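Chemist: So here's model18.cif (mmCIF, C-alpha atoms and all ligand atoms).
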```cif
data_entry
loop_
_atom_site.label_atom_id
_atom_site.label_comp_id
_atom_site.auth_asym_id
_atom_site.auth_seq_id
_atom_site.Cartn_x
_atom_site.Cartn_y
_atom_site.Cartn_z
CA MET A 230 -9.43 20.26 14.85
CA ASN A 231 -12.07 20.64 12.14
CA ILE A 232 -11.98 20.96 8.36
CA LEU A 233 -14.66 22.10 5.93
CA ILE A 234 -14.35 21.37 2.21
CA LYS A 235 -16.90 23.31 0.19
CA ASP A 236 -18.29 22.99 -3.35
CA VAL A 237 -16.17 19.98 -4.25
CA TRP A 238 -16.93 17.08 -6.61
CA ILE A 239 -17.21 14.06 -4.30
CA VAL A 240 -16.31 10.57 -5.58
CA SER A 241 -17.75 8.78 -2.58
CA GLN A 242 -16.81 5.15 -3.36
CA ASP A 243 -19.82 4.19 -1.21
CA ALA A 244 -21.85 1.05 -2.00
CA SER A 245 -23.64 2.75 -4.92
CA ARG A 246 -20.47 4.55 -6.08
CA LYS A 247 -22.34 7.85 -5.80
CA GLN A 248 -20.75 11.06 -7.12
CA PHE A 249 -22.08 14.57 -6.55
CA LYS A 250 -21.07 18.16 -5.88
CA GLY A 251 -21.26 19.04 -2.21
CA SER A 252 -19.46 19.68 1.05
CA VAL A 253 -17.62 17.53 3.55
CA TYR A 254 -17.16 18.39 7.21
CA VAL A 255 -14.47 16.67 9.28
CA GLU A 256 -14.04 16.88 13.04
CA ASP A 257 -12.05 14.76 15.52
CA GLU A 258 -10.65 12.19 13.08
CA VAL A 259 -14.07 11.45 11.61
CA ILE A 260 -16.11 12.44 8.55
CA GLN A 261 -19.07 14.10 10.31
CA GLU A 262 -21.12 15.31 7.35
CA VAL A 263 -21.22 14.68 3.61
CA ARG A 264 -23.97 16.47 1.75
CA GLN A 265 -25.07 18.34 -1.33
CA GLU A 266 -26.30 21.40 0.57
CA PRO A 267 -23.84 23.93 2.06
CA ILE A 268 -22.68 23.23 5.62
CA ALA A 269 -22.64 26.34 7.80
CA VAL A 270 -19.85 25.92 10.31
CA GLU A 271 -16.67 27.69 11.37
CA ALA A 272 -13.64 25.52 10.69
CA ASP A 273 -9.91 25.67 11.43
CA TYR A 274 -9.27 24.81 7.78
CA GLU A 275 -11.69 25.81 5.06
CA ILE A 276 -10.94 24.54 1.57
CA ASN A 277 -12.67 25.87 -1.51
CA GLY A 278 -13.33 22.79 -3.64
CA GLU A 279 -14.29 24.60 -6.84
CA GLY A 280 -12.60 22.79 -9.76
CA LYS A 281 -11.44 20.03 -7.44
CA VAL A 282 -12.30 16.38 -6.80
CA LEU A 283 -12.45 14.74 -3.38
CA LEU A 284 -12.10 11.00 -2.87
CA PRO A 285 -11.01 8.55 -0.19
CA GLY A 286 -7.24 8.49 0.32
CA LEU A 287 -5.52 5.78 -1.71
CA ILE A 288 -4.34 2.64 0.08
CA ASN A 289 -1.02 1.04 -0.87
CA THR A 290 -1.30 -2.62 0.13
CA HIS A 291 2.31 -3.64 -0.48
CA THR A 292 5.51 -1.69 -0.07
CA HIS A 293 8.90 -1.59 1.60
CA ILE A 294 9.06 2.10 2.45
CA PRO A 295 12.78 2.64 3.19
CA MET A 296 13.67 1.19 -0.23
CA THR A 297 13.08 4.69 -1.57
CA LEU A 298 16.80 5.08 -0.85
CA LEU A 299 17.48 2.51 -3.59
CA ARG A 300 15.31 4.22 -6.21
CA GLY A 301 17.09 3.90 -9.51
CA TYR A 302 20.03 2.01 -8.00
CA GLY A 303 20.26 -0.90 -10.41
CA ASP A 304 17.64 -0.82 -13.14
CA ASP A 305 17.30 -3.08 -16.17
CA MET A 306 18.94 -6.05 -14.46
CA VAL A 307 17.97 -9.70 -14.09
CA LEU A 308 16.21 -10.23 -10.75
CA GLU A 309 18.81 -12.60 -9.23
CA GLU A 310 21.74 -10.40 -10.25
CA TRP A 311 19.89 -7.28 -9.09
CA LEU A 312 19.28 -8.80 -5.65
CA LYS A 313 22.78 -10.23 -5.28
CA THR A 314 24.82 -7.29 -6.54
CA ARG A 315 22.64 -4.31 -5.65
CA ILE A 316 19.92 -4.85 -3.08
CA TRP A 317 21.28 -7.37 -0.56
CA PRO A 318 24.75 -5.79 -0.12
CA VAL A 319 23.14 -2.43 0.61
CA GLU A 320 20.45 -3.89 2.86
CA ALA A 321 23.19 -5.50 4.99
CA LYS A 322 24.42 -1.97 5.81
CA LEU A 323 21.05 -0.57 6.88
CA ASP A 324 20.76 1.06 10.29
CA ARG A 325 18.25 3.22 12.11
CA GLU A 326 19.54 6.42 10.58
CA SER A 327 19.24 5.25 6.99
CA ILE A 328 15.87 3.59 7.63
CA SER A 329 14.64 6.85 9.13
CA ALA A 330 15.76 8.87 6.11
CA GLY A 331 14.31 6.38 3.60
CA THR A 332 11.03 6.14 5.48
CA ASP A 333 10.64 9.91 5.65
CA LEU A 334 11.27 10.16 1.93
CA GLY A 335 8.62 7.50 1.23
CA LEU A 336 6.13 9.13 3.58
CA LEU A 337 6.66 12.51 1.96
CA GLU A 338 6.22 11.00 -1.49
CA MET A 339 2.98 9.31 -0.41
CA ILE A 340 1.59 12.52 1.09
CA PHE A 341 2.41 14.27 -2.18
CA SER A 342 0.78 11.61 -4.34
CA GLY A 343 -2.42 10.95 -2.38
CA THR A 344 -1.68 7.76 -0.45
CA THR A 345 -3.04 7.95 3.08
CA CYS A 346 -2.58 4.37 4.28
CA PHE A 347 0.01 1.73 3.46
CA ALA A 348 0.94 -1.86 4.29
CA ASP A 349 4.67 -2.16 4.77
CA MET A 350 7.08 -5.01 5.44
CA TYR A 351 10.73 -4.37 6.06
CA PHE A 352 13.41 -4.18 8.76
CA PHE A 353 13.68 -1.74 11.69
CA GLU A 354 9.90 -1.56 11.66
CA ASP A 355 9.86 0.25 15.03
CA THR A 356 11.68 3.16 13.41
CA ILE A 357 9.24 3.05 10.50
CA ALA A 358 6.36 3.17 13.03
CA GLU A 359 7.81 6.20 14.81
CA ARG A 360 8.38 8.10 11.54
CA THR A 361 4.89 7.18 10.28
CA ILE A 362 3.23 8.62 13.38
CA LYS A 363 5.33 11.76 13.16
CA ALA A 364 4.38 12.34 9.51
CA GLY A 365 0.74 11.53 10.25
CA LEU A 366 0.10 8.67 7.80
CA ARG A 367 -1.68 5.41 8.58
CA GLY A 368 0.53 2.32 8.47
CA PHE A 369 -0.06 -1.42 8.71
CA LEU A 370 3.51 -2.26 9.54
CA GLY A 371 4.84 -5.76 9.07
CA PHE A 372 7.63 -7.15 11.22
CA SER A 373 9.68 -9.16 8.69
CA LEU A 374 10.73 -12.72 9.41
CA ILE A 375 13.22 -14.45 7.17
CA ASP A 376 15.12 -17.62 8.08
CA PHE A 377 18.62 -16.24 7.54
CA GLY A 378 17.93 -13.27 9.83
CA THR A 379 17.55 -9.57 9.10
CA PRO A 380 19.95 -6.60 9.26
CA GLU A 381 18.39 -5.95 12.66
CA PHE A 382 18.01 -9.36 14.32
CA LYS A 383 19.61 -12.82 14.36
CA PRO A 384 17.38 -15.72 13.28
CA GLU A 385 16.89 -16.97 16.85
CA GLU A 386 15.72 -13.52 18.03
CA LEU A 387 13.04 -13.02 15.40
CA PHE A 388 9.95 -14.57 17.04
CA SER A 389 10.42 -12.93 20.43
CA GLU A 390 11.23 -9.56 18.82
CA CYS A 391 8.19 -9.92 16.57
CA GLU A 392 5.95 -10.46 19.59
CA LYS A 393 7.53 -7.51 21.38
CA PHE A 394 6.86 -5.37 18.31
CA ILE A 395 3.22 -6.44 18.26
CA ARG A 396 2.74 -5.75 21.97
CA ARG A 397 4.36 -2.34 21.58
CA TRP A 398 2.01 -1.16 18.86
CA LYS A 399 -1.18 -3.21 19.19
CA GLY A 400 -4.40 -1.67 20.47
CA LYS A 401 -3.04 1.85 20.77
CA LYS A 402 -5.90 3.07 18.55
CA GLY A 403 -3.45 5.21 16.67
CA LEU A 404 -2.11 5.41 13.17
CA VAL A 405 0.05 2.29 13.44
CA THR A 406 -1.21 -1.30 13.37
CA PRO A 407 1.33 -4.12 13.77
CA VAL A 408 1.39 -7.01 11.29
CA VAL A 409 3.37 -10.28 11.11
CA ALA A 410 5.34 -10.50 7.86
CA PRO A 411 7.02 -13.80 7.01
CA HIS A 412 8.93 -12.87 3.85
CA SER A 413 7.74 -15.77 1.66
CA SER A 414 7.36 -19.54 1.45
CA TYR A 415 10.83 -19.86 -0.14
CA THR A 416 12.73 -17.86 2.51
CA CYS A 417 10.75 -19.13 5.52
CA SER A 418 10.66 -22.78 6.57
CA PRO A 419 7.32 -24.51 7.24
CA GLU A 420 8.10 -24.21 10.96
CA THR A 421 8.57 -20.43 10.65
CA LEU A 422 5.30 -20.10 8.73
CA GLU A 423 3.47 -22.21 11.34
CA ARG A 424 4.83 -20.06 14.15
CA CYS A 425 3.71 -16.91 12.27
CA ALA A 426 0.21 -18.41 11.98
CA GLU A 427 0.21 -18.97 15.75
CA ILE A 428 1.39 -15.41 16.45
CA SER A 429 -1.30 -14.04 14.14
CA GLU A 430 -3.93 -16.10 15.98
CA GLU A 431 -2.68 -15.35 19.49
CA HIS A 432 -2.36 -11.59 18.98
CA ASP A 433 -5.16 -11.21 16.42
CA VAL A 434 -2.97 -9.49 13.85
CA LEU A 435 -2.84 -9.67 10.06
CA VAL A 436 -0.18 -11.55 8.11
CA HIS A 437 1.53 -9.97 5.08
CA THR A 438 3.72 -12.09 2.81
CA HIS A 439 5.00 -12.48 -0.76
CA CYS A 440 3.25 -15.23 -2.71
CA SER A 441 3.95 -16.65 -6.19
CA GLU A 442 5.74 -13.58 -7.51
CA THR A 443 7.96 -15.47 -9.95
CA GLN A 444 7.89 -18.79 -11.76
CA HIS A 445 11.26 -19.58 -10.17
CA GLU A 446 9.76 -19.16 -6.70
CA VAL A 447 6.88 -21.53 -7.50
CA SER A 448 9.17 -24.26 -8.83
CA ASP A 449 11.63 -23.76 -5.97
CA VAL A 450 8.92 -24.25 -3.33
CA GLN A 451 7.52 -27.19 -5.29
CA ARG A 452 10.94 -28.83 -5.48
CA ARG A 453 11.70 -28.36 -1.78
CA TYR A 454 8.31 -29.05 -0.23
CA GLY A 455 6.35 -30.87 -2.95
CA VAL A 456 3.64 -28.21 -3.12
CA ARG A 457 3.13 -24.79 -4.68
CA PRO A 458 3.31 -21.64 -2.45
CA VAL A 459 -0.46 -21.26 -1.95
CA GLU A 460 -0.69 -24.90 -0.80
CA GLN A 461 2.35 -24.39 1.42
CA PHE A 462 0.64 -21.43 3.11
CA LYS A 463 -2.50 -23.52 3.49
CA LYS A 464 -0.59 -26.42 5.07
CA THR A 465 1.12 -24.09 7.55
CA GLY A 466 -2.09 -22.36 8.62
CA LEU A 467 -1.65 -19.13 6.67
CA LEU A 468 -4.38 -19.39 4.06
CA ASN A 469 -7.15 -17.53 5.86
CA LYS A 470 -8.89 -14.18 6.04
CA LYS A 471 -6.08 -12.62 8.05
CA THR A 472 -3.50 -13.08 5.28
CA LEU A 473 -2.54 -10.56 2.64
CA PHE A 474 -0.63 -12.07 -0.30
CA ALA A 475 1.54 -9.74 -2.37
CA HIS A 476 1.77 -10.46 -6.13
CA CYS A 477 0.06 -13.81 -6.90
CA GLY A 478 1.34 -13.49 -10.47
CA TRP A 479 1.81 -17.22 -10.88
CA ILE A 480 -1.33 -18.68 -9.34
CA THR A 481 -3.70 -21.15 -10.98
CA LYS A 482 -7.46 -20.85 -11.35
CA GLY A 483 -7.81 -23.42 -8.57
CA GLU A 484 -5.60 -21.28 -6.32
CA VAL A 485 -7.72 -18.22 -7.15
CA ARG A 486 -10.76 -20.10 -5.84
CA GLU A 487 -8.87 -21.27 -2.74
CA ILE A 488 -7.74 -17.72 -1.92
CA ALA A 489 -11.25 -16.35 -2.45
CA ARG A 490 -12.85 -19.12 -0.39
CA ALA A 491 -10.38 -18.54 2.45
CA GLY A 492 -11.10 -14.78 2.40
CA ALA A 493 -7.40 -13.91 2.07
CA GLY A 494 -6.47 -10.62 0.37
CA VAL A 495 -4.34 -10.13 -2.74
CA SER A 496 -2.12 -7.12 -3.33
CA HIS A 497 -1.60 -6.54 -7.04
CA ASN A 498 1.70 -4.81 -7.94
CA PRO A 499 1.69 -4.43 -11.73
CA VAL A 500 4.48 -1.85 -12.06
CA SER A 501 6.98 -3.82 -9.98
CA ASN A 502 6.04 -7.06 -11.76
CA MET A 503 6.56 -5.49 -15.17
CA LYS A 504 9.83 -3.81 -14.21
CA LEU A 505 11.30 -7.02 -12.79
CA ALA A 506 9.81 -8.95 -15.73
CA THR A 507 8.31 -11.57 -13.45
CA GLY A 508 6.29 -12.78 -16.43
CA GLY A 509 3.17 -13.78 -14.54
CA PHE A 510 -0.09 -11.84 -14.71
CA THR A 511 -2.08 -11.66 -11.49
CA PRO A 512 -5.38 -13.20 -12.67
CA ILE A 513 -7.48 -10.12 -11.89
CA PRO A 514 -10.62 -11.07 -13.89
CA GLU A 515 -10.73 -14.48 -12.18
CA LEU A 516 -10.07 -13.01 -8.73
CA VAL A 517 -12.87 -10.47 -9.21
CA GLU A 518 -15.20 -13.18 -10.56
CA SER A 519 -14.48 -15.28 -7.46
CA ASN A 520 -15.19 -12.28 -5.19
CA ALA A 521 -11.66 -12.24 -3.82
CA THR A 522 -10.40 -9.13 -2.04
CA VAL A 523 -7.96 -7.20 -4.24
CA GLY A 524 -5.87 -4.15 -3.35
CA LEU A 525 -3.10 -2.36 -5.23
CA GLY A 526 0.51 -1.98 -4.19
CA THR A 527 3.60 -0.28 -5.53
CA ASP A 528 6.12 -2.67 -3.94
CA GLY A 529 9.38 -0.99 -2.92
CA ALA A 530 10.63 2.02 -4.86
CA ALA A 531 13.70 -0.02 -5.90
CA SER A 532 11.49 -2.01 -8.29
CA ASN A 533 8.89 0.56 -9.34
CA ASN A 534 10.49 3.32 -9.07
CA THR A 535 7.84 5.53 -7.50
CA LEU A 536 5.20 5.17 -4.80
CA ASP A 537 2.59 6.91 -6.97
CA LEU A 538 -0.60 4.86 -6.83
CA PHE A 539 -2.18 6.89 -9.63
CA GLU A 540 0.47 5.47 -11.91
CA THR A 541 -0.14 1.99 -10.47
CA MET A 542 -3.89 2.33 -11.14
CA LYS A 543 -3.23 3.12 -14.79
CA PHE A 544 -0.84 0.19 -15.21
CA ALA A 545 -3.30 -2.13 -13.43
CA ALA A 546 -6.02 -1.13 -15.87
CA LEU A 547 -3.81 -1.46 -18.95
CA ILE A 548 -1.77 -4.61 -18.31
CA HIS A 549 -4.80 -6.91 -18.20
CA LYS A 550 -6.50 -5.39 -21.25
CA HIS A 551 -3.32 -5.92 -23.22
CA HIS A 552 -2.71 -9.41 -21.91
CA ARG A 553 -6.29 -10.60 -22.54
CA TRP A 554 -6.76 -8.77 -25.85
CA ASP A 555 -9.85 -7.30 -24.26
CA PRO A 556 -10.25 -3.55 -23.47
CA CYS A 557 -13.29 -4.29 -21.30
CA VAL A 558 -11.15 -6.06 -18.67
CA ALA A 559 -10.15 -4.10 -15.52
CA PRO A 560 -12.39 -1.05 -16.10
CA ALA A 561 -11.56 2.26 -14.42
CA GLN A 562 -14.18 1.97 -11.67
CA GLN A 563 -12.97 -1.49 -10.71
CA VAL A 564 -9.36 -0.33 -10.52
CA LEU A 565 -10.29 2.70 -8.40
CA ASP A 566 -12.14 0.26 -6.14
CA PHE A 567 -8.93 -1.77 -5.71
CA ALA A 568 -7.03 1.36 -4.66
CA THR A 569 -9.67 2.47 -2.14
CA ILE A 570 -12.35 0.15 -0.72
CA GLY A 571 -10.53 -3.00 -1.90
CA GLY A 572 -7.38 -2.00 -0.04
CA ALA A 573 -9.49 -1.20 3.02
CA LYS A 574 -11.03 -4.69 2.85
CA ALA A 575 -7.62 -6.31 2.50
CA LEU A 576 -6.63 -4.60 5.76
CA HIS A 577 -9.98 -5.41 7.44
CA MET A 578 -10.76 -1.70 7.64
CA GLU A 579 -13.69 -1.43 5.23
CA ASP A 580 -16.02 -0.21 7.99
CA LYS A 581 -13.61 2.65 8.77
CA LEU A 582 -11.73 3.44 5.55
CA GLY A 583 -12.00 3.30 1.76
CA SER A 584 -15.01 5.57 1.11
CA VAL A 585 -16.28 9.06 1.84
CA GLU A 586 -19.16 8.37 4.21
CA GLU A 587 -20.35 9.89 7.46
CA GLY A 588 -18.85 8.11 10.47
CA LYS A 589 -15.78 6.82 8.67
CA LEU A 590 -12.25 7.94 9.53
CA ALA A 591 -11.31 11.10 7.65
CA ASP A 592 -8.60 9.83 5.27
CA LEU A 593 -9.29 12.00 2.24
CA ILE A 594 -7.52 13.45 -0.76
CA ILE A 595 -8.42 16.38 -2.99
CA LEU A 596 -7.19 16.68 -6.57
CA ASP A 597 -6.93 19.85 -8.59
CA PHE A 598 -8.76 19.15 -11.85
CA GLU A 599 -7.97 22.54 -13.38
CA LYS A 600 -5.14 21.07 -15.44
CA PRO A 601 -4.63 20.68 -19.19
CA HIS A 602 -4.37 16.89 -18.99
CA LEU A 603 -7.68 16.71 -17.09
CA LYS A 604 -9.77 18.70 -19.60
CA PRO A 605 -12.40 18.20 -20.85
CA CYS A 606 -13.89 15.97 -18.19
CA TYR A 607 -16.73 13.63 -19.15
CA ASP A 608 -16.05 11.02 -16.51
CA VAL A 609 -14.15 11.81 -13.31
CA VAL A 610 -13.31 8.17 -12.53
CA SER A 611 -11.84 7.72 -16.02
CA HIS A 612 -9.58 10.72 -15.40
CA LEU A 613 -8.56 9.47 -11.94
CA VAL A 614 -7.34 6.18 -13.41
CA TYR A 615 -6.14 7.07 -16.92
CA ALA A 616 -5.09 10.73 -16.82
CA ALA A 617 -4.40 11.97 -13.29
CA ARG A 618 -1.01 11.79 -11.62
CA GLY A 619 0.12 11.95 -8.03
CA CYS A 620 1.26 15.54 -8.55
CA ASP A 621 -2.37 16.56 -9.16
CA VAL A 622 -3.12 15.97 -5.48
CA TYR A 623 -3.91 19.34 -3.90
CA ALA A 624 -4.55 18.22 -0.32
CA THR A 625 -4.01 15.09 1.77
CA ILE A 626 -5.89 14.54 5.02
CA VAL A 627 -5.32 11.58 7.35
CA ASN A 628 -7.28 10.84 10.52
CA GLY A 629 -8.90 14.26 10.31
CA LYS A 630 -5.59 16.09 10.13
CA PRO A 631 -4.35 17.94 7.06
CA LEU A 632 -0.88 16.72 6.06
CA MET A 633 -0.70 18.80 2.88
CA ILE A 634 -2.77 21.69 1.56
CA ASP A 635 -2.13 23.46 -1.73
CA ARG A 636 0.97 21.20 -2.21
CA ARG A 637 2.48 22.58 0.99
CA VAL A 638 3.35 19.80 3.42
CA LEU A 639 2.47 20.59 7.02
CA THR A 640 3.93 17.73 9.04
CA MET A 641 7.41 17.29 7.59
CA ASN A 642 10.42 19.43 6.80
CA TYR A 643 10.51 19.08 3.01
CA GLU A 644 14.10 20.24 2.43
CA LYS A 645 15.49 18.23 5.34
CA VAL A 646 13.80 15.01 4.15
CA LEU A 647 15.21 15.37 0.65
CA TRP A 648 18.67 16.26 1.88
CA SER A 649 18.86 13.39 4.41
CA ALA A 650 17.68 10.86 1.82
CA GLU A 651 20.32 12.01 -0.62
CA GLU A 652 23.01 11.81 2.06
CA GLN A 653 21.99 8.38 3.39
CA GLY A 654 21.55 6.95 -0.11
CA LEU A 655 25.08 7.96 -1.07
CA ARG A 656 26.45 6.62 2.20
CA LEU A 657 24.80 3.20 1.69
CA THR A 658 25.71 2.75 -1.93
CA GLY A 659 29.16 4.28 -1.66
CA GLU A 660 28.54 6.16 -4.88
ZN ZN A 701 7.69 -6.85 -2.02
#
```
Mind turning this structure into structure tokens?
Modeler:
Amino acid sequence: MNILIKDVWIVSQDASRKQFKGSVYVEDEVIQEVRQEPIAVEADYEINGEGKVLLPGLINTHTHIPMTLLRGYGDDMVLEEWLKTRIWPVEAKLDRESISAGTDLGLLEMIFSGTTCFADMYFFEDTIAERTIKAGLRGFLGFSLIDFGTPEFKPEELFSECEKFIRRWKGKKGLVTPVVAPHSSYTCSPETLERCAEISEEHDVLVHTHCSETQHEVSDVQRRYGVRPVEQFKKTGLLNKKTLFAHCGWITKGEVREIARAGAGVSHNPVSNMKLATGGFTPIPELVESNATVGLGTDGAASNNTLDLFETMKFAALIHKHHRWDPCVAPAQQVLDFATIGGAKALHMEDKLGSVEEGKLADLIILDFEKPHLKPCYDVVSHLVYAARGCDVYATIVNGKPLMIDRRVLTMNYEKVLWSAEEQGLRLTGE
């Protein structure tokens, strides 16, 4: 299959952050040509890029995809109460059918809002993997480990099932990459974390976990183990370049340096943090200053309530300006970097994803800039972060395959996905 996109404004996100009007030619999963001059070739799909902007597909570095089924189910509640009365009772009822419906809904939403790759951690991850491949997105899928067990497995089954999951999906060179996902340092014992470190080492897979999301979590870990979460991860062998920490809202300057030195990645989830009122501010200026790897995440749709990374980019840019009383903090280009090349780095994919360059995998999105809220346009990157929305995405291409063109999805049955999600959501919540 080949695709030619002509006369489009290209936001390359390459090392020099070059932008220019030109053409992009995609064949066999790969970006073959990117240039200013016209490319004369016959293509299966030819897209006229006039009035449009092409950029690398956005990368969501932290989510729990099937939680789309819990979108809007329990807003404006205190975190503990929300978990105890809304989330956990419903999660206990999850099964393959509901996971399938919630995953499809999340995948459809991501295709529609320009996310081409995501790092997930949830339950029934095999089902999530199957749905992801079917829809055509790229997923770094975390097998969740939590000491009191999951809706799918008993505590004593978790390690062997985790290894089975990794063996099933590792090295298949496809859209799915398996990841080990201990839930956090307050729900996993030191022994569990150590075993996860061993699994990561043995199978050469990434680790995805929650870290210092709330003040309560930090003091809880401190009280039980005498150290803060970052130190706990370090002691158990999980502070290294293979680890991706979600949140880090309550980390110290010393911990920022430790994370940067170790080469671990941070997934910043400003919308979820603000909605749950976690109170901490991920120290973005310090992380950037220390050269740490930063990506952006939405977290699950239950605490966001969308998977729209354009919205997340805007919040990421605004929250730190407001907090620091400094509008120069978190500039648009830096935030776009988090959502593209930064996310790719956090997933160790920067040589294959995160920019529009010849030889990289063709994960691309095209936005329609012929919209009232995108006129006039003095600075495309400014518009991408501060004015554009997920619904401005005109086309989504993953691994050289178009998943949506002209807002028409090609790999999923739109009506069926919406209907199944509605049905499964009602079944789970009993509403
Ligand atoms: Zn999360």
Chemist: Taking only C-alpha atoms and all ligand atoms and a cut-off of 7 Å, can you tell me which residues surround ligand ZN 701 (chain A), written as a PDB file with C-alpha atoms, in the coordinates of the input?
Modeler:
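What follows is the written file out_5.pdb:
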```pdb
ATOM      1  CA  HIS A 291       2.310  -3.640  -0.480  1.00  0.00           C
ATOM      2  CA  THR A 292       5.510  -1.690  -0.070  1.00  0.00           C
ATOM      3  CA  HIS A 293       8.900  -1.590   1.600  1.00  0.00           C
ATOM      4  CA  HIS A 439       5.000 -12.480  -0.760  1.00  0.00           C
ATOM      5  CA  ALA A 475       1.540  -9.740  -2.370  1.00  0.00           C
ATOM      6  CA  ASP A 528       6.120  -2.670  -3.940  1.00  0.00           C
ATOM      7  CA  GLY A 529       9.380  -0.990  -2.920  1.00  0.00           C
TER       8      GLY A 529
END
```
Chemist: Do a neighbour search on Glu262 in chain A at 12 Å with all atoms listed in the file, toss out local chain neighbours closer than 6 positions, and write the hits as a list in words.
Modeler: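 Residues meeting the cut-off are Asn231, Ile232, Leu233, Ile234, Lys235, Gly251, Ser252, Val253, Tyr254, Val255, Glu256, Ile268, Ala269, Val270, Val585, Glu586, Glu587, Gly588, Lys589, Leu590 and Ala591 of chain A.
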Chemist: Quick one: distance from CA of His412 in chain A to CA of Cys477 in chain A in Å, one decimal?
Modeler: 14.0 Å
Chemist: In terms of the shortest atom-to-atom distance over only C-alpha atoms, which of A:Ile513, A:Ala358, A:Val450, A:Val409 is closest to Leu467 in chain A?
Modeler: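 Under the stated criterion, the closest residue is A:Val409.
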Chemist: What's the 10 Å shell around His497 in chain A, counting all atoms listed in the file, without same-chain residues fewer than 4 positions away, as a list in words?
Modeler: Asn289, Thr290, His291, Phe474, Ala475, His476, Cys477, Gly478, Ser501, Asn502, Phe510, Thr511, Pro512, Ile513, Val523, Gly524, Leu525, Gly526, Thr527, Asp528, Thr541, Ala545, Phe567 and Ala568 of chain A
Chemist: Take CA of Trp398 in chain A and CA of Gly368 in chain A and report the distance between them in Å, one decimal.
Modeler: 11.1 Å
Chemist: If I take CA of Pro560 in chain A and CA of Ile260 in chain A, how far is one from the other in Å, to one decimal?
Modeler: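 Atom-to-atom, CA of Pro560 in chain A to CA of Ile260 in chain A, that is 28.3 Å.
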Chemist: Quick one: contact table of range 411-512 of chain A to range 307-329 of chain A, 12 Å max, nearest atom pair and distance in Å to one decimal per residue, counting all atoms listed in the file, chain and number order, as CSV?
Modeler:
```
residue,atom,partner,partner_atom,distance
A:Glu442,CA,A:Leu308,CA,11.5
A:Thr443,CA,A:Leu308,CA,9.8
A:Gln444,CA,A:Leu308,CA,12.0
A:His445,CA,A:Glu309,CA,10.3
A:Glu446,CA,A:Glu309,CA,11.5
A:Ser501,CA,A:Leu308,CA,11.3
A:Asn502,CA,A:Leu308,CA,10.7
A:Met503,CA,A:Leu308,CA,11.6
A:Lys504,CA,A:Leu308,CA,9.7
A:Leu505,CA,A:Leu308,CA,6.2
A:Ala506,CA,A:Leu308,CA,8.2
A:Thr507,CA,A:Leu308,CA,8.5
A:Gly508,CA,A:Leu308,CA,11.7
```
Chemist: Find the residues around range 418-422 of chain A up to 8 Å (only C-alpha atoms counted), leave out those fewer than 4 positions away in its own chain, and share them as a PyMOL selection string.
Modeler: chain A and resi 376+411+414+426+461-462+465-467
Chemist: Can you build me a table of range 332-364 of chain A residues sitting at most 12 Å from range 577-583 of chain A, with the closest atom pair per residue and its distance in Å to one decimal, using all atoms listed in the file, sorted by chain and residue number, as a Markdown table?
Modeler:
```
| residue | atom | partner | partner_atom | distance |
| --- | --- | --- | --- | --- |
| A:Thr344 | CA | A:Gly583 | CA | 11.5 |
| A:Thr345 | CA | A:Leu582 | CA | 10.1 |
| A:Cys346 | CA | A:Leu582 | CA | 9.3 |
| A:Ala348 | CA | A:His577 | CA | 11.9 |
```
Chemist: Tell me which of A:Ser429, A:Thr625, A:Ser413, A:Ser389 sits closest to Lys470 in chain A, counting only C-alpha atoms.
Modeler: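 Closest to Lys470 in chain A of all the choices is A:Ser429.
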Chemist: Find the residues near Phe388 in chain A: any atom within 9 Å, counting only C-alpha atoms, skip ones fewer than 6 places away on the same chain, and give them as a list in words.
Modeler: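 Here the qualifying residues turn out to be Leu374, Thr421, Arg424, Cys425 and Ile428 of chain A.
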Chemist: What does the file look like for those residues with C-alpha atoms, as a CSV table (one decimal), keeping the file's coordinate frame?
Modeler:
```
chain,number,residue,atom,x,y,z
A,374,LEU,CA,10.7,-12.7,9.4
A,421,THR,CA,8.6,-20.4,10.6
A,424,ARG,CA,4.8,-20.1,14.2
A,425,CYS,CA,3.7,-16.9,12.3
A,428,ILE,CA,1.4,-15.4,16.4
```
Chemist: Would you mind telling me which residue in A:Ile276, A:Leu283, A:Ile288, A:Leu299 lies nearest to Val263 in chain A when using all atoms listed in the file?
Modeler: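 Closest residue, counting all atoms listed in the file: A:Leu283.
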Chemist: Check the smallest atom-to-atom distance from each of A:Gln653, A:Lys463, A:Ile594, A:Arg397 to Leu632 in chain A using all atoms listed in the file, then report the winner.
Modeler: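 Nearest to Leu632 in chain A: A:Ile594.
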Chemist: Could N, CA and C atoms be built for range 269-273 of chain A and written out as a PDB file, keeping the file's coordinate frame?
Modeler:
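Output below, filename selection_30.pdb:
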```pdb
ATOM      1  N   ALA A 269     -23.004  25.066   7.163  1.00  0.00           N
ATOM      2  CA  ALA A 269     -22.640  26.340   7.800  1.00  0.00           C
ATOM      3  C   ALA A 269     -21.929  26.056   9.115  1.00  0.00           C
ATOM      4  N   VAL A 270     -20.622  26.163   9.090  1.00  0.00           N
ATOM      5  CA  VAL A 270     -19.850  25.920  10.310  1.00  0.00           C
ATOM      6  C   VAL A 270     -18.512  26.645  10.192  1.00  0.00           C
ATOM      7  N   GLU A 271     -18.005  27.075  11.332  1.00  0.00           N
ATOM      8  CA  GLU A 271     -16.670  27.690  11.370  1.00  0.00           C
ATOM      9  C   GLU A 271     -15.645  26.565  11.459  1.00  0.00           C
ATOM     10  N   ALA A 272     -14.622  26.614  10.635  1.00  0.00           N
ATOM     11  CA  ALA A 272     -13.640  25.520  10.690  1.00  0.00           C
ATOM     12  C   ALA A 272     -12.216  26.071  10.759  1.00  0.00           C
ATOM     13  N   ASP A 273     -11.326  25.270  11.352  1.00  0.00           N
ATOM     14  CA  ASP A 273      -9.910  25.670  11.430  1.00  0.00           C
ATOM     15  C   ASP A 273      -9.322  25.769  10.022  1.00  0.00           C
TER      16      ASP A 273
END
```
